[in-house]
Every structure is written in C-alpha cells, then in structure tokens.
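For reference, protein.tsv is printed below; it contains TSV, C-alpha atoms.
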chain	number	residue	atom	x	y	z
A	30	MET	CA	5.33	105.34	3.13
A	31	SER	CA	4.00	101.99	2.04
A	32	GLN	CA	0.56	103.23	3.02
A	33	VAL	CA	0.79	106.07	0.54
A	34	ALA	CA	1.89	103.66	-2.16
A	35	THR	CA	-1.04	101.30	-1.57
A	36	ALA	CA	-3.45	104.23	-1.51
A	37	GLU	CA	-2.15	105.34	-4.89
A	38	VAL	CA	-2.38	101.87	-6.40
A	39	PHE	CA	-5.83	101.49	-4.90
A	40	HIS	CA	-6.93	104.82	-6.30
A	41	HIS	CA	-5.80	103.87	-9.78
A	42	ASP	CA	-7.52	100.51	-9.47
A	43	ASP	CA	-10.58	102.33	-8.16
A	44	ASN	CA	-10.97	104.47	-11.27
A	45	ALA	CA	-10.60	101.46	-13.54
A	46	GLN	CA	-13.31	99.64	-11.58
A	47	VAL	CA	-15.78	102.54	-11.83
A	48	LYS	CA	-15.02	102.84	-15.54
A	49	ARG	CA	-15.72	99.13	-15.96
A	50	ILE	CA	-19.09	99.48	-14.22
A	51	TRP	CA	-20.20	102.32	-16.50
A	52	LYS	CA	-18.86	100.52	-19.56
A	53	THR	CA	-21.00	97.52	-18.59
A	54	PHE	CA	-23.99	99.84	-18.20
A	55	TRP	CA	-23.54	101.12	-21.75
A	56	ILE	CA	-23.14	97.57	-23.08
A	57	LEU	CA	-26.38	96.55	-21.35
A	58	LEU	CA	-28.16	99.63	-22.67
A	59	VAL	CA	-27.03	98.97	-26.25
A	60	LEU	CA	-28.04	95.31	-25.99
A	61	THR	CA	-31.48	96.33	-24.66
A	62	ILE	CA	-31.94	98.81	-27.50
A	63	LEU	CA	-30.94	96.11	-30.00
A	64	GLU	CA	-33.49	93.77	-28.43
A	65	LEU	CA	-36.09	96.49	-28.65
A	66	GLY	CA	-35.25	97.05	-32.31
A	67	ILE	CA	-35.63	93.35	-33.01
A	68	GLY	CA	-38.93	93.28	-31.07
A	69	LEU	CA	-40.25	96.10	-33.23
A	70	THR	CA	-38.94	94.36	-36.36
A	71	ILE	CA	-40.92	91.26	-35.40
A	72	TYR	CA	-43.95	93.52	-34.88
A	73	THR	CA	-43.51	94.98	-38.37
A	74	ILE	CA	-43.09	91.53	-39.92
A	75	HIS	CA	-46.28	90.36	-38.20
A	76	LYS	CA	-48.17	93.36	-39.55
A	77	GLY	CA	-46.99	92.69	-43.10
A	78	GLU	CA	-48.86	90.82	-45.81
A	79	ASN	CA	-47.09	87.48	-45.68
A	80	PRO	CA	-45.25	87.19	-42.38
A	81	SER	CA	-42.26	84.86	-42.75
A	82	HIS	CA	-42.30	82.50	-39.80
A	83	THR	CA	-38.71	81.44	-40.35
A	84	LEU	CA	-37.57	85.06	-40.21
A	85	VAL	CA	-39.57	85.69	-37.04
A	86	LEU	CA	-38.11	82.55	-35.46
A	87	MET	CA	-34.60	83.69	-36.41
A	88	PHE	CA	-35.12	87.10	-34.83
A	89	LYS	CA	-36.54	85.48	-31.70
A	90	GLY	CA	-33.45	83.27	-31.49
A	91	LEU	CA	-31.28	86.36	-31.84
A	92	VAL	CA	-33.11	88.06	-28.97
A	93	CYS	CA	-32.49	84.96	-26.80
A	94	ILE	CA	-28.76	85.17	-27.55
A	95	LEU	CA	-28.68	88.90	-26.71
A	96	THR	CA	-30.48	88.13	-23.45
A	97	MET	CA	-27.83	85.55	-22.54
A	98	ALA	CA	-25.18	88.18	-23.23
A	99	LYS	CA	-26.95	90.62	-20.89
A	100	ALA	CA	-27.20	87.93	-18.22
A	101	PHE	CA	-23.47	87.25	-18.59
A	102	TYR	CA	-22.55	90.92	-18.05
A	103	ILE	CA	-24.84	91.34	-15.06
A	104	VAL	CA	-23.57	88.20	-13.32
A	105	SER	CA	-19.94	88.60	-14.26
A	106	VAL	CA	-19.42	92.33	-13.64
A	107	PHE	CA	-22.27	93.61	-11.44
A	108	MET	CA	-22.40	90.53	-9.24
A	109	HIS	CA	-18.60	90.17	-9.44
A	110	LEU	CA	-18.83	86.44	-10.10
A	111	GLY	CA	-16.17	86.88	-12.78
A	112	ASP	CA	-13.77	88.07	-10.05
A	113	GLU	CA	-14.26	85.00	-7.85
A	114	ILE	CA	-12.04	81.94	-8.02
A	115	ARG	CA	-12.82	79.24	-10.55
A	116	ASN	CA	-14.23	76.73	-8.08
A	117	MET	CA	-16.74	79.28	-6.77
A	118	ILE	CA	-17.84	80.11	-10.32
A	119	MET	CA	-18.27	76.42	-11.09
A	120	THR	CA	-20.47	75.72	-8.06
A	121	ILE	CA	-22.90	78.30	-9.48
A	122	ILE	CA	-22.62	77.56	-13.20
A	123	VAL	CA	-22.65	73.75	-13.14
A	124	PRO	CA	-26.01	73.33	-11.32
A	125	LEU	CA	-27.55	75.91	-13.66
A	126	LEU	CA	-26.70	73.62	-16.59
A	127	LEU	CA	-29.80	71.68	-15.51
A	128	PHE	CA	-31.70	74.43	-17.30
A	129	VAL	CA	-30.46	73.09	-20.63
A	130	TRP	CA	-32.34	69.84	-20.10
A	131	PHE	CA	-35.17	71.65	-18.36
A	132	ILE	CA	-35.92	74.01	-21.25
A	133	ILE	CA	-35.54	71.45	-24.05
A	134	ALA	CA	-37.61	68.78	-22.31
A	135	PHE	CA	-40.52	70.99	-21.31
A	136	LEU	CA	-40.85	73.00	-24.50
A	137	TRP	CA	-40.72	69.71	-26.39
A	138	ASP	CA	-43.49	68.43	-24.14
A	139	GLY	CA	-45.61	71.53	-24.76
A	140	ASN	CA	-45.19	71.14	-28.49
A	141	ALA	CA	-46.10	67.43	-28.25
A	142	TRP	CA	-49.31	68.40	-26.43
A	143	LYS	CA	-50.21	70.79	-29.21
A	144	ASN	CA	-49.69	68.06	-31.82
A	145	LEU	CA	-51.75	65.58	-29.84
A	146	ARG	CA	-54.61	68.03	-29.48
A	147	ASN	CA	-54.53	69.15	-33.10
A	148	THR	CA	-54.53	65.62	-34.46
A	149	ASP	CA	-56.74	63.93	-31.85
A	150	ALA	CA	-53.70	61.98	-30.68
A	151	GLY	CA	-52.55	61.22	-34.18
A	152	SER	CA	-55.90	59.96	-35.53
A	153	ARG	CA	-56.32	62.79	-38.06
A	154	ILE	CA	-54.25	65.22	-40.04
A	155	TYR	CA	-53.97	68.75	-38.68
A	156	ILE	CA	-55.02	71.47	-41.06
A	157	GLU	CA	-53.80	74.79	-39.76
A	158	LYS	CA	-56.57	77.30	-39.27
A	159	THR	CA	-55.63	80.70	-40.57
A	160	HIS	CA	-56.64	83.49	-38.27
A	161	GLU	CA	-57.23	86.02	-41.00
A	162	LYS	CA	-60.01	88.30	-39.89
A	163	THR	CA	-62.09	87.73	-43.01
A	164	SER	CA	-61.78	83.96	-43.25
A	165	VAL	CA	-63.06	83.23	-39.75
A	166	PRO	CA	-66.84	82.88	-39.63
A	167	ALA	CA	-68.59	85.34	-37.38
A	168	LYS	CA	-70.39	82.80	-35.28
A	169	GLN	CA	-68.26	80.48	-33.21
A	170	ASN	CA	-70.85	79.21	-30.79
A	171	GLY	CA	-69.96	76.41	-28.52
A	172	GLN	CA	-66.34	76.41	-29.63
A	173	LYS	CA	-63.99	75.94	-26.77
A	174	ASP	CA	-60.49	77.34	-26.62
B	22	MET	CA	1.51	74.63	10.21
B	23	THR	CA	4.43	72.45	9.22
B	24	THR	CA	2.24	70.36	6.95
B	25	ALA	CA	1.03	73.48	5.25
B	26	THR	CA	4.55	74.63	4.50
B	27	ALA	CA	5.59	71.13	3.51
B	28	GLN	CA	3.09	71.07	0.63
B	29	PRO	CA	3.11	74.55	-0.82
B	30	THR	CA	2.45	73.40	-4.37
B	31	THR	CA	-0.81	71.54	-3.78
B	32	LYS	CA	-3.94	73.18	-5.08
B	33	LEU	CA	-6.18	71.11	-2.80
B	34	TRP	CA	-8.00	72.90	-0.04
B	35	SER	CA	-6.32	72.21	3.28
B	36	GLY	CA	-8.97	73.67	5.56
B	37	GLY	CA	-8.79	76.53	8.02
B	38	LYS	CA	-10.06	79.13	5.58
B	39	SER	CA	-12.84	79.58	3.06
B	40	PRO	CA	-12.23	77.28	0.10
B	41	PHE	CA	-13.73	79.89	-2.20
B	42	ASN	CA	-11.92	82.96	-0.78
B	43	ILE	CA	-15.36	84.35	-0.03
B	44	SER	CA	-17.23	84.73	3.23
B	45	TYR	CA	-19.85	82.27	4.44
B	46	GLY	CA	-22.60	84.87	4.11
B	47	LYS	CA	-21.83	85.64	0.49
B	48	VAL	CA	-21.60	81.97	-0.45
B	49	MET	CA	-25.00	81.37	1.13
B	50	MET	CA	-26.47	84.39	-0.66
B	51	TRP	CA	-25.21	82.92	-3.93
B	52	TYR	CA	-26.79	79.57	-3.19
B	53	PHE	CA	-30.06	81.19	-2.16
B	54	LEU	CA	-30.07	83.11	-5.42
B	55	MET	CA	-29.37	79.91	-7.32
B	56	SER	CA	-32.40	78.26	-5.72
B	57	ASP	CA	-34.43	81.37	-6.51
B	58	ALA	CA	-33.22	81.15	-10.11
B	59	PHE	CA	-34.64	77.64	-10.25
B	60	THR	CA	-37.96	78.87	-8.89
B	61	PHE	CA	-38.21	81.61	-11.51
B	62	GLY	CA	-36.90	79.21	-14.12
B	63	ALA	CA	-39.61	76.69	-13.28
B	64	PHE	CA	-42.30	79.38	-13.58
B	65	LEU	CA	-41.00	80.66	-16.88
B	66	ILE	CA	-40.52	77.19	-18.35
B	67	SER	CA	-44.01	76.19	-17.24
B	68	TYR	CA	-45.27	79.28	-19.05
B	69	GLY	CA	-43.26	78.28	-22.10
B	70	THR	CA	-44.69	74.75	-22.02
B	71	ILE	CA	-48.28	75.99	-21.96
B	72	ARG	CA	-47.57	78.56	-24.62
B	73	PHE	CA	-45.99	75.94	-26.88
B	74	SER	CA	-49.07	73.74	-26.42
B	75	GLN	CA	-51.40	76.45	-27.80
B	76	ASN	CA	-52.14	77.25	-31.42
B	77	VAL	CA	-52.66	80.92	-30.61
B	78	TRP	CA	-51.26	83.24	-27.97
B	79	ALA	CA	-51.61	86.89	-27.06
B	80	ASP	CA	-49.39	89.14	-29.20
B	81	ALA	CA	-47.17	91.11	-26.81
B	82	ASN	CA	-46.86	94.02	-29.23
B	83	HIS	CA	-50.61	94.26	-29.17
B	84	VAL	CA	-51.15	93.78	-25.42
B	85	PHE	CA	-48.34	96.00	-24.14
B	86	ASN	CA	-48.62	99.04	-26.39
B	87	ALA	CA	-49.74	101.70	-23.93
B	88	PHE	CA	-47.76	104.47	-22.28
B	89	PRO	CA	-48.96	106.74	-19.46
B	90	PHE	CA	-50.45	110.09	-20.52
B	91	THR	CA	-50.53	109.19	-24.21
B	92	GLY	CA	-54.12	108.01	-24.39
B	93	HIS	CA	-54.66	105.29	-26.96
B	94	ALA	CA	-51.45	105.90	-28.90
B	95	ASN	CA	-50.02	102.64	-30.22
B	96	LEU	CA	-46.53	102.46	-28.67
B	97	PRO	CA	-45.53	98.79	-28.59
B	98	LEU	CA	-42.79	97.89	-26.10
B	99	ALA	CA	-42.12	101.51	-25.15
B	100	PHE	CA	-43.25	101.40	-21.54
B	101	VAL	CA	-41.63	98.08	-20.71
B	102	SER	CA	-38.39	99.38	-22.21
B	103	LEU	CA	-38.55	102.29	-19.81
B	104	MET	CA	-39.04	99.83	-16.94
B	105	THR	CA	-36.05	97.80	-18.13
B	106	PHE	CA	-33.96	100.94	-18.35
B	107	ILE	CA	-34.94	101.98	-14.81
B	108	LEU	CA	-33.97	98.57	-13.44
B	109	ILE	CA	-30.61	98.48	-15.25
B	110	LEU	CA	-29.83	101.99	-14.00
B	111	SER	CA	-30.71	101.05	-10.42
B	112	SER	CA	-28.42	98.04	-10.80
B	113	VAL	CA	-25.58	100.39	-11.74
B	114	THR	CA	-26.22	102.64	-8.73
B	115	MET	CA	-26.24	99.53	-6.52
B	116	VAL	CA	-22.90	98.31	-7.81
B	117	LEU	CA	-21.52	101.83	-7.24
B	118	ALA	CA	-22.79	101.65	-3.64
B	119	VAL	CA	-20.98	98.33	-3.20
B	120	HIS	CA	-17.89	99.91	-4.71
B	121	ASP	CA	-17.95	102.85	-2.29
B	122	GLY	CA	-18.45	100.33	0.50
B	123	HIS	CA	-15.13	98.73	-0.47
B	124	ASN	CA	-13.51	102.13	-0.11
B	125	MET	CA	-15.19	102.68	3.29
B	126	ASN	CA	-16.84	105.78	1.86
B	127	ARG	CA	-20.01	106.04	3.93
B	128	LYS	CA	-21.39	109.16	2.20
B	129	GLY	CA	-20.99	107.49	-1.18
B	130	VAL	CA	-22.76	104.34	-0.05
B	131	GLU	CA	-25.66	106.43	1.28
B	132	LYS	CA	-25.96	108.45	-1.91
B	133	TRP	CA	-25.96	105.45	-4.25
B	134	LEU	CA	-28.30	103.43	-2.01
B	135	ILE	CA	-30.83	106.28	-2.11
B	136	PHE	CA	-30.68	106.28	-5.93
B	137	THR	CA	-31.09	102.50	-5.96
B	138	ILE	CA	-34.14	102.66	-3.69
B	139	LEU	CA	-35.67	105.39	-5.85
B	140	GLY	CA	-35.06	103.26	-8.93
B	141	GLY	CA	-36.78	100.31	-7.27
B	142	LEU	CA	-39.77	102.44	-6.29
B	143	ALA	CA	-39.99	103.88	-9.81
B	144	PHE	CA	-40.04	100.37	-11.23
B	145	LEU	CA	-42.78	99.30	-8.82
B	146	GLY	CA	-44.79	102.39	-9.74
B	147	CYS	CA	-44.48	101.50	-13.43
B	148	GLN	CA	-45.58	97.96	-12.75
B	149	ALA	CA	-48.58	99.19	-10.74
B	150	TRP	CA	-49.59	101.38	-13.66
B	151	GLU	CA	-49.16	98.56	-16.16
B	152	TRP	CA	-51.22	96.13	-14.09
B	153	THR	CA	-53.96	98.70	-13.56
B	154	HIS	CA	-54.03	99.49	-17.26
B	155	LEU	CA	-54.37	95.81	-18.17
B	156	ILE	CA	-56.95	94.90	-15.53
B	157	THR	CA	-59.18	97.92	-16.07
B	158	GLY	CA	-58.81	97.80	-19.87
B	159	ASP	CA	-62.01	97.52	-21.90
B	160	HIS	CA	-61.91	95.20	-24.89
B	161	GLN	CA	-64.77	93.89	-26.98
B	162	VAL	CA	-64.77	90.11	-26.97
B	163	LEU	CA	-67.20	87.86	-28.73
B	164	VAL	CA	-68.39	85.19	-26.30
B	165	ASN	CA	-71.09	82.74	-27.40
B	166	GLY	CA	-72.49	85.15	-29.96
B	167	VAL	CA	-72.58	88.09	-27.53
B	168	VAL	CA	-70.10	90.95	-27.39
B	169	GLN	CA	-68.74	91.38	-23.86
B	170	HIS	CA	-66.32	93.93	-22.41
B	171	TRP	CA	-63.25	92.34	-20.88
B	172	GLY	CA	-60.07	93.48	-19.19
B	173	THR	CA	-56.99	91.28	-18.91
B	174	THR	CA	-57.20	89.28	-15.68
B	175	VAL	CA	-56.29	85.81	-14.47
B	176	THR	CA	-59.72	84.60	-15.62
B	177	HIS	CA	-60.18	86.67	-18.79
B	178	ASN	CA	-57.99	86.95	-21.85
B	179	PRO	CA	-59.41	89.31	-24.49
B	180	TRP	CA	-56.39	88.85	-26.78
B	181	GLY	CA	-57.58	85.94	-28.87
B	182	PRO	CA	-57.79	85.99	-32.69
B	183	GLU	CA	-60.03	88.66	-34.15
B	184	THR	CA	-63.14	87.80	-36.08
B	185	LEU	CA	-65.94	89.60	-37.92
B	186	PHE	CA	-69.23	89.96	-36.10
B	187	LYS	CA	-72.09	91.97	-37.60
B	188	GLY	CA	-69.55	93.62	-39.89
B	189	LYS	CA	-67.30	94.70	-37.02
B	190	GLU	CA	-63.91	93.38	-35.94
B	191	VAL	CA	-64.15	91.77	-32.53
B	192	ALA	CA	-61.66	89.71	-30.55
B	193	THR	CA	-62.40	86.20	-29.35
B	194	PRO	CA	-61.25	84.83	-25.99
B	195	GLY	CA	-57.57	83.88	-25.97
B	196	PRO	CA	-55.97	81.06	-23.96
B	197	ILE	CA	-56.99	81.61	-20.35
B	198	ALA	CA	-53.48	80.81	-19.03
B	199	PHE	CA	-52.08	84.12	-20.30
B	200	GLY	CA	-53.27	86.30	-17.41
B	201	GLY	CA	-52.32	83.81	-14.73
B	202	TYR	CA	-48.78	83.46	-16.03
B	203	PHE	CA	-48.32	87.15	-16.72
B	204	PHE	CA	-49.62	88.40	-13.37
B	205	GLY	CA	-48.14	85.44	-11.50
B	206	ILE	CA	-44.61	85.80	-12.82
B	207	THR	CA	-44.40	89.60	-13.03
B	208	GLY	CA	-46.07	89.66	-9.60
B	209	PHE	CA	-43.50	87.29	-8.14
B	210	HIS	CA	-40.78	89.41	-9.68
B	211	GLY	CA	-42.42	92.59	-8.39
B	212	PHE	CA	-42.53	91.02	-4.95
B	213	HIS	CA	-38.77	90.46	-5.22
B	214	VAL	CA	-38.28	94.10	-6.23
B	215	PHE	CA	-40.39	95.14	-3.25
B	216	SER	CA	-38.32	92.95	-0.90
B	217	GLY	CA	-35.19	94.42	-2.47
B	218	VAL	CA	-36.39	97.95	-1.78
B	219	ILE	CA	-37.06	96.99	1.86
B	220	ILE	CA	-33.64	95.33	2.19
B	221	ASN	CA	-31.92	98.34	0.62
B	222	SER	CA	-33.81	100.69	2.94
B	223	VAL	CA	-32.62	98.70	5.94
B	224	MET	CA	-29.09	98.88	4.53
B	225	LEU	CA	-29.44	102.65	4.14
B	226	ILE	CA	-30.58	103.05	7.75
B	227	LYS	CA	-27.75	100.84	9.01
B	228	THR	CA	-25.25	102.79	6.92
B	229	ARG	CA	-26.55	106.09	8.31
B	230	LEU	CA	-26.26	104.68	11.85
B	231	LYS	CA	-22.62	103.86	11.01
B	232	HIS	CA	-23.08	100.18	11.79
B	233	PHE	CA	-20.86	99.09	8.92
B	234	GLU	CA	-18.30	101.80	9.55
B	235	LEU	CA	-17.91	100.54	13.13
B	236	ARG	CA	-17.83	96.93	11.92
B	237	GLY	CA	-14.95	97.84	9.62
B	238	HIS	CA	-16.48	96.55	6.39
B	239	TYR	CA	-19.54	96.94	4.16
B	240	GLU	CA	-20.08	93.29	3.33
B	241	MET	CA	-23.81	93.51	4.05
B	242	ILE	CA	-24.09	96.02	1.20
B	243	GLU	CA	-22.43	93.45	-1.05
B	244	LYS	CA	-24.98	90.80	-0.10
B	245	ALA	CA	-27.89	93.19	-0.61
B	246	GLY	CA	-26.25	94.11	-3.91
B	247	LEU	CA	-26.15	90.46	-5.01
B	248	TYR	CA	-29.87	90.19	-4.32
B	249	TRP	CA	-30.64	93.42	-6.16
B	250	HIS	CA	-28.65	92.42	-9.25
B	251	PHE	CA	-30.41	89.08	-9.23
B	252	VAL	CA	-33.75	90.89	-9.39
B	253	ASP	CA	-32.44	92.79	-12.41
B	254	LEU	CA	-31.22	89.52	-13.92
B	255	VAL	CA	-34.63	87.91	-13.55
B	256	TRP	CA	-36.26	90.92	-15.21
B	257	VAL	CA	-33.99	90.43	-18.23
B	258	PHE	CA	-35.58	87.01	-18.68
B	259	VAL	CA	-39.13	88.14	-17.88
B	260	PHE	CA	-38.66	90.90	-20.45
B	261	LEU	CA	-37.56	88.27	-22.96
B	262	CYS	CA	-40.30	85.73	-22.28
B	263	PHE	CA	-43.32	88.03	-21.99
B	264	TYR	CA	-42.55	91.05	-24.10
B	265	LEU	CA	-40.04	90.16	-26.79
B	266	VAL	CA	-40.75	86.63	-28.04
Mind turning this structure into structure tokens?
Amino acid sequence: MSQVATAEVFHHDDNAQVKRIWKTFWILLVLTILELGIGLTIYTIHKGENPSHTLVLMFKGLVCILTMAKAFYIVSVFMHLGDEIRNMIMTIIVPLLLFVWFIIAFLWDGNAWKNLRNTDAGSRIYIEKTHEKTSVPAKQNGQKD
Amino acid sequence: MTTATAQPTTKLWSGGKSPFNISYGKVMMWYFLMSDAFTFGAFLISYGTIRFSQNVWADANHVFNAFPFTGHANLPLAFVSLMTFILILSSVTMVLAVHDGHNMNRKGVEKWLIFTILGGLAFLGCQAWEWTHLITGDHQVLVNGVVQHWGTTVTHNPWGPETLFKGKEVATPGPIAFGGYFFGITGFHGFHVFSGVIINSVMLIKTRLKHFELRGHYEMIEKAGLYWHFVDLVWVFVFLCFYLV
C-alpha cells in the first residue's frame, strides 16, 4: 500500500519536474532571442550615421547580464546544482569567483597595452584615427597593424 | 553509532557518508568541469585581453552574416542563432534522458539520448559549414598597394577597416589574432561537443545493453548529462564573446 502511495507522489513530482525543464527551455529561448535582438540593435547602431559608443557599450553590458542569467538557469536547473546541498554549491561557486579578478585584471591590462601603443608609452597624445572609408588615404604602404 | 545519536543537532559532517549527499563520481565530474571552465575562461579572457589592446577588431555582424543556401544574402547572426538553438534543445533532451533515468525508464532514456546525439551532430555539421565558409571565403584586401584575395584563417584576417583604392572600397588586413582565437576557441569547444557525442553514444549503447538497468541506477547518464550541459554552458559564453559583443 505504501508503495502505491510513493508511486503516486513520485508521479506528481515527476510531472512538475518535466514542466520545470520545459519552462527553463522557454526561458533560455526567450533570453537568446532577446540577446539576438540586442545584437541586431548594435548592428543597426553601427550602421547609422553617428554611432553612439555609450549606447553600444550599454547594450553590450545588457547582453553580458542576459548571458549570466542563461548560465544560471543551465547550471541550476539542467545541471541540478540548485538541488544540491549548500556546501556542494559553494565548493563550485567560490572557486569560480576567481573569474571576477581574472576578467577585470586582464581586460585592464589589454586596455593599458592599447594606451601604451597609441601614445608611445605616454610620450605623445593619442589622436583617434577615424575609420571612415573616405577619410583614409588609399595608399597605406609599409603600415603595420 | 552511539556518538552519532548523542549529537543529533550538529551540522558538522561526522564521516561515513558523502558530505555532499552526492556520489564520488558526480563530485569528481563537477570538479573536472570546474577545471575545464577555467581552461575555457583563460582562453576567452586571453582573447578579450588582445581584443582590448587593439584599436580595431573584426565586426561580428559583418563576418558572420552568411546562411547556407542563401548565397550572399546579408543575414547577421542568423546562422549562429540556429546553432545556439540546436545546442539548447539538445541540452533539454539530455536533461529529459537523465530524468527518465531517475524513473528507471530505459526506453525513455534511449529515445532522449538519440535526440541529444542528433542535436550534437547537427551542431557539429553547422560548425563545419561555418568554418568552411570562413576559410574558403574570398575577400579583397589591400596589402602593400596590391589587392589580394583572402579567406579568414589563423594567418589572414580580411576584416580590417575599409579604405578607398583606385575608387573602389577595399578592406585592409585586420588584427592577425582574430582567426587564431576564433578557430582555436570554437575548435576547442567543437572538440568538446565531439567528445560529448562520443560519450553519449557510449551511454546509448550501454543503455541498450541494459547495463544500467542491471546496475539498478542510471547515474552514468547523469554524469554524461553534466558534461553535455557544460558544453552548452560554454557555448553560451562563446556566443557572447565572439558573436554578440
């Protein structure tokens, strides 16, 4: 008799679980479509007359946030990390916090390299070259990238 | 035993069972995936560093605008979105396989594993097409006053800023690192997808041979599932870093 009862409870639980999986799928799909929309928005902004760099940067930041949300759903629901006990979750999450330092430090370094190169290590002022098709001279012999 | 009953309120682990309520194999799979996350993270951050150090970079909407059987139609992001969709869908079928494994439903596990493997193969096919399209592409690039025809490879980047040459718009060489990072990272990810397809195929064969049914549990499917979801997870970030930003 108890077996029947457990089977019933299990069955109910079962349906809820499958529903949760499909719900997560739809969430991921919607997030991806949003990301796609933002990607195409950035494309349109770039094509426009005076692309606003602040706006583009904002949209790029938004895409990063949406990506983190997708990562959360995949890890939490699909990989069932959300169902594990707290200590298990922490042994995964805490080491990954290294990425916070990792990303900030290295992107900062990359940017510093760009500044050094553009200013000959600070000895001159950098004047941004515009890459408008008409303003770049045809001949660029000997110029290295 | 008496000590265990004497301290029922303590939350400290007293030994004798898994401290995480999870099997050794699954814990180790998690830690392997964590190390793999650091490997992918290092690649992607290295890519970010180099990209931040450049004044110009290839515009993803410009580079990835092709779709099979549409000729030269300008469809930015369309194909890679399809690839993303395929991978998310195959992640769902994998989690459904794991779910049927919990219920000891062998037929269900087989069905969903087959869908997952097909999804993986479809993704690999898409990637093969994309790589071929990029490598065999023909773009006019102005190099030292001469127009050359370049594809996108690890040594050639035809996606630099455009310029006027003899009254025509021609591209100039872009930062050479682009191809290496793109093919390197998507290749490493593709290799993971390929391994995942192999692992899932082995799981399918073992399921068909009733190995897990006789063992009494489908935990191996769970471990393969963790790996497969991780591959999907990495793609989410590759998609972000190469195609969206």
Exercise. Counting only C-alpha atoms, which of B:Val101, B:Ala198, B:Ile71, B:Val119 gets nearest to chain A?
Worked result: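 Closest to chain A of all the choices is B:Ile71.
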Problem set entry | d(CA of Glu113 (chain A), CA of Val48 (chain B)) in Å |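 According to the coordinates, CA of Glu113 (chain A) and CA of Val48 (chain B) are separated by 10.9 Å.
Closest approach to chain A among B:Gly181, B:Gly46, B:Gly237, B:Gly141: B:Gly181, based on all atoms listed in the file.
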Problem set entry | Check: which chain B residues lie within 6 Å of chain A using only C-alpha atoms, as a PyMOL selection string | chain B and resi 41+70-71+73-75+116+165+183-186+247+265-266
For this session: Could you please determine the separation between CA of Ile226 (chain B) and CA of Met50 (chain B) in Å, to one decimal place?
Result: 20.9 Å
For this session: Name the residues, using the chain letters and numbers of the file, that sit within 12 Å of (-38.8, 79.9, -13.1) when counting all atoms listed in the file, and give them as a ChimeraX atom specification.
Result: /A:125,128,131-132 /B:55-70,202,205-207,209-210,255-256,258-259,262
Find the smallest box with edges along x, y and z containing every listed atom of region 108-117 of chain A, then add 8 Å on each side and report centre and edge lengths in Å to one decimal, as AutoDock Vina command-line options.
--center_x -17.2 --center_y 83.6 --center_z -9.8 --size_x 26.4 --size_y 29.8 --size_z 22.0
For this session: Enter the distance from CA of Thr193 (chain B) to CA of Ile156 (chain B), in Å, rounded to one decimal.
Result: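 It comes out at 17.2 Å.
Distances to Gly211 (chain B) were evaluated for B:Leu98, B:Ala149, B:Leu163, B:Leu54 using only C-alpha atoms, and the minimum falls at B:Ala149.
The smallest atom-to-atom distance between Trp78 (chain B) and any of B:Phe251, B:Trp180, B:Trp150, B:Phe106, using all atoms listed in the file, is found for B:Trp180.
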For this session: Find the residues around Glu240 (chain B) up to 12 Å (only C-alpha atoms counted), leave out those fewer than 6 positions away in its own chain, and share them as a list in words.
Result: Ile43, Ser44, Tyr45, Gly46, Lys47, Met50, Ala118, Val119, His120, Asp121, Gly122, His123, Asn124, Met125, Val130, Met224, Thr228, His232, Phe233, Glu234, Gly246 and Leu247 of chain B
Output as a PDB file, keeping the file's coordinate frame: region 63-79 of chain A, completed with N, CA and C atoms.
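Okay, this is what ended up in part_25.pdb:
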ATOM      1  N   LEU A  63     -30.937  97.080 -28.888  1.00  0.00           N
ATOM      2  CA  LEU A  63     -30.940  96.110 -30.000  1.00  0.00           C
ATOM      3  C   LEU A  63     -32.131  95.174 -29.884  1.00  0.00           C
ATOM      4  N   GLU A  64     -32.363  94.668 -28.655  1.00  0.00           N
ATOM      5  CA  GLU A  64     -33.490  93.770 -28.430  1.00  0.00           C
ATOM      6  C   GLU A  64     -34.801  94.447 -28.784  1.00  0.00           C
ATOM      7  N   LEU A  65     -34.892  95.704 -28.369  1.00  0.00           N
ATOM      8  CA  LEU A  65     -36.090  96.490 -28.650  1.00  0.00           C
ATOM      9  C   LEU A  65     -36.296  96.626 -30.150  1.00  0.00           C
ATOM     10  N   GLY A  66     -35.194  96.919 -30.855  1.00  0.00           N
ATOM     11  CA  GLY A  66     -35.250  97.050 -32.310  1.00  0.00           C
ATOM     12  C   GLY A  66     -35.738  95.758 -32.947  1.00  0.00           C
ATOM     13  N   ILE A  67     -35.218  94.634 -32.461  1.00  0.00           N
ATOM     14  CA  ILE A  67     -35.630  93.350 -33.010  1.00  0.00           C
ATOM     15  C   ILE A  67     -37.104  93.090 -32.695  1.00  0.00           C
ATOM     16  N   GLY A  68     -37.518  93.434 -31.463  1.00  0.00           N
ATOM     17  CA  GLY A  68     -38.930  93.280 -31.070  1.00  0.00           C
ATOM     18  C   GLY A  68     -39.841  94.046 -32.022  1.00  0.00           C
ATOM     19  N   LEU A  69     -39.439  95.278 -32.336  1.00  0.00           N
ATOM     20  CA  LEU A  69     -40.250  96.100 -33.230  1.00  0.00           C
ATOM     21  C   LEU A  69     -40.201  95.568 -34.667  1.00  0.00           C
ATOM     22  N   THR A  70     -39.049  94.981 -35.031  1.00  0.00           N
ATOM     23  CA  THR A  70     -38.940  94.360 -36.360  1.00  0.00           C
ATOM     24  C   THR A  70     -39.929  93.207 -36.472  1.00  0.00           C
ATOM     25  N   ILE A  71     -39.972  92.384 -35.415  1.00  0.00           N
ATOM     26  CA  ILE A  71     -40.920  91.260 -35.400  1.00  0.00           C
ATOM     27  C   ILE A  71     -42.348  91.791 -35.539  1.00  0.00           C
ATOM     28  N   TYR A  72     -42.631  92.892 -34.824  1.00  0.00           N
ATOM     29  CA  TYR A  72     -43.950  93.520 -34.880  1.00  0.00           C
ATOM     30  C   TYR A  72     -44.286  93.928 -36.314  1.00  0.00           C
ATOM     31  N   THR A  73     -43.295  94.539 -36.988  1.00  0.00           N
ATOM     32  CA  THR A  73     -43.510  94.980 -38.370  1.00  0.00           C
ATOM     33  C   THR A  73     -43.719  93.782 -39.288  1.00  0.00           C
ATOM     34  N   ILE A  74     -42.941  92.734 -39.089  1.00  0.00           N
ATOM     35  CA  ILE A  74     -43.090  91.530 -39.920  1.00  0.00           C
ATOM     36  C   ILE A  74     -44.492  90.948 -39.750  1.00  0.00           C
ATOM     37  N   HIS A  75     -44.952  90.899 -38.484  1.00  0.00           N
ATOM     38  CA  HIS A  75     -46.280  90.360 -38.200  1.00  0.00           C
ATOM     39  C   HIS A  75     -47.373  91.171 -38.878  1.00  0.00           C
ATOM     40  N   LYS A  76     -47.153  92.486 -38.965  1.00  0.00           N
ATOM     41  CA  LYS A  76     -48.170  93.360 -39.550  1.00  0.00           C
ATOM     42  C   LYS A  76     -48.216  93.227 -41.056  1.00  0.00           C
ATOM     43  N   GLY A  77     -47.101  92.758 -41.643  1.00  0.00           N
ATOM     44  CA  GLY A  77     -46.990  92.690 -43.100  1.00  0.00           C
ATOM     45  C   GLY A  77     -47.943  91.698 -43.732  1.00  0.00           C
ATOM     46  N   GLU A  78     -47.932  91.670 -45.060  1.00  0.00           N
ATOM     47  CA  GLU A  78     -48.860  90.820 -45.810  1.00  0.00           C
ATOM     48  C   GLU A  78     -48.638  89.338 -45.568  1.00  0.00           C
ATOM     49  N   ASN A  79     -47.414  88.886 -45.855  1.00  0.00           N
ATOM     50  CA  ASN A  79     -47.090  87.480 -45.680  1.00  0.00           C
ATOM     51  C   ASN A  79     -45.960  87.306 -44.680  1.00  0.00           C
TER      52      ASN A  79
END
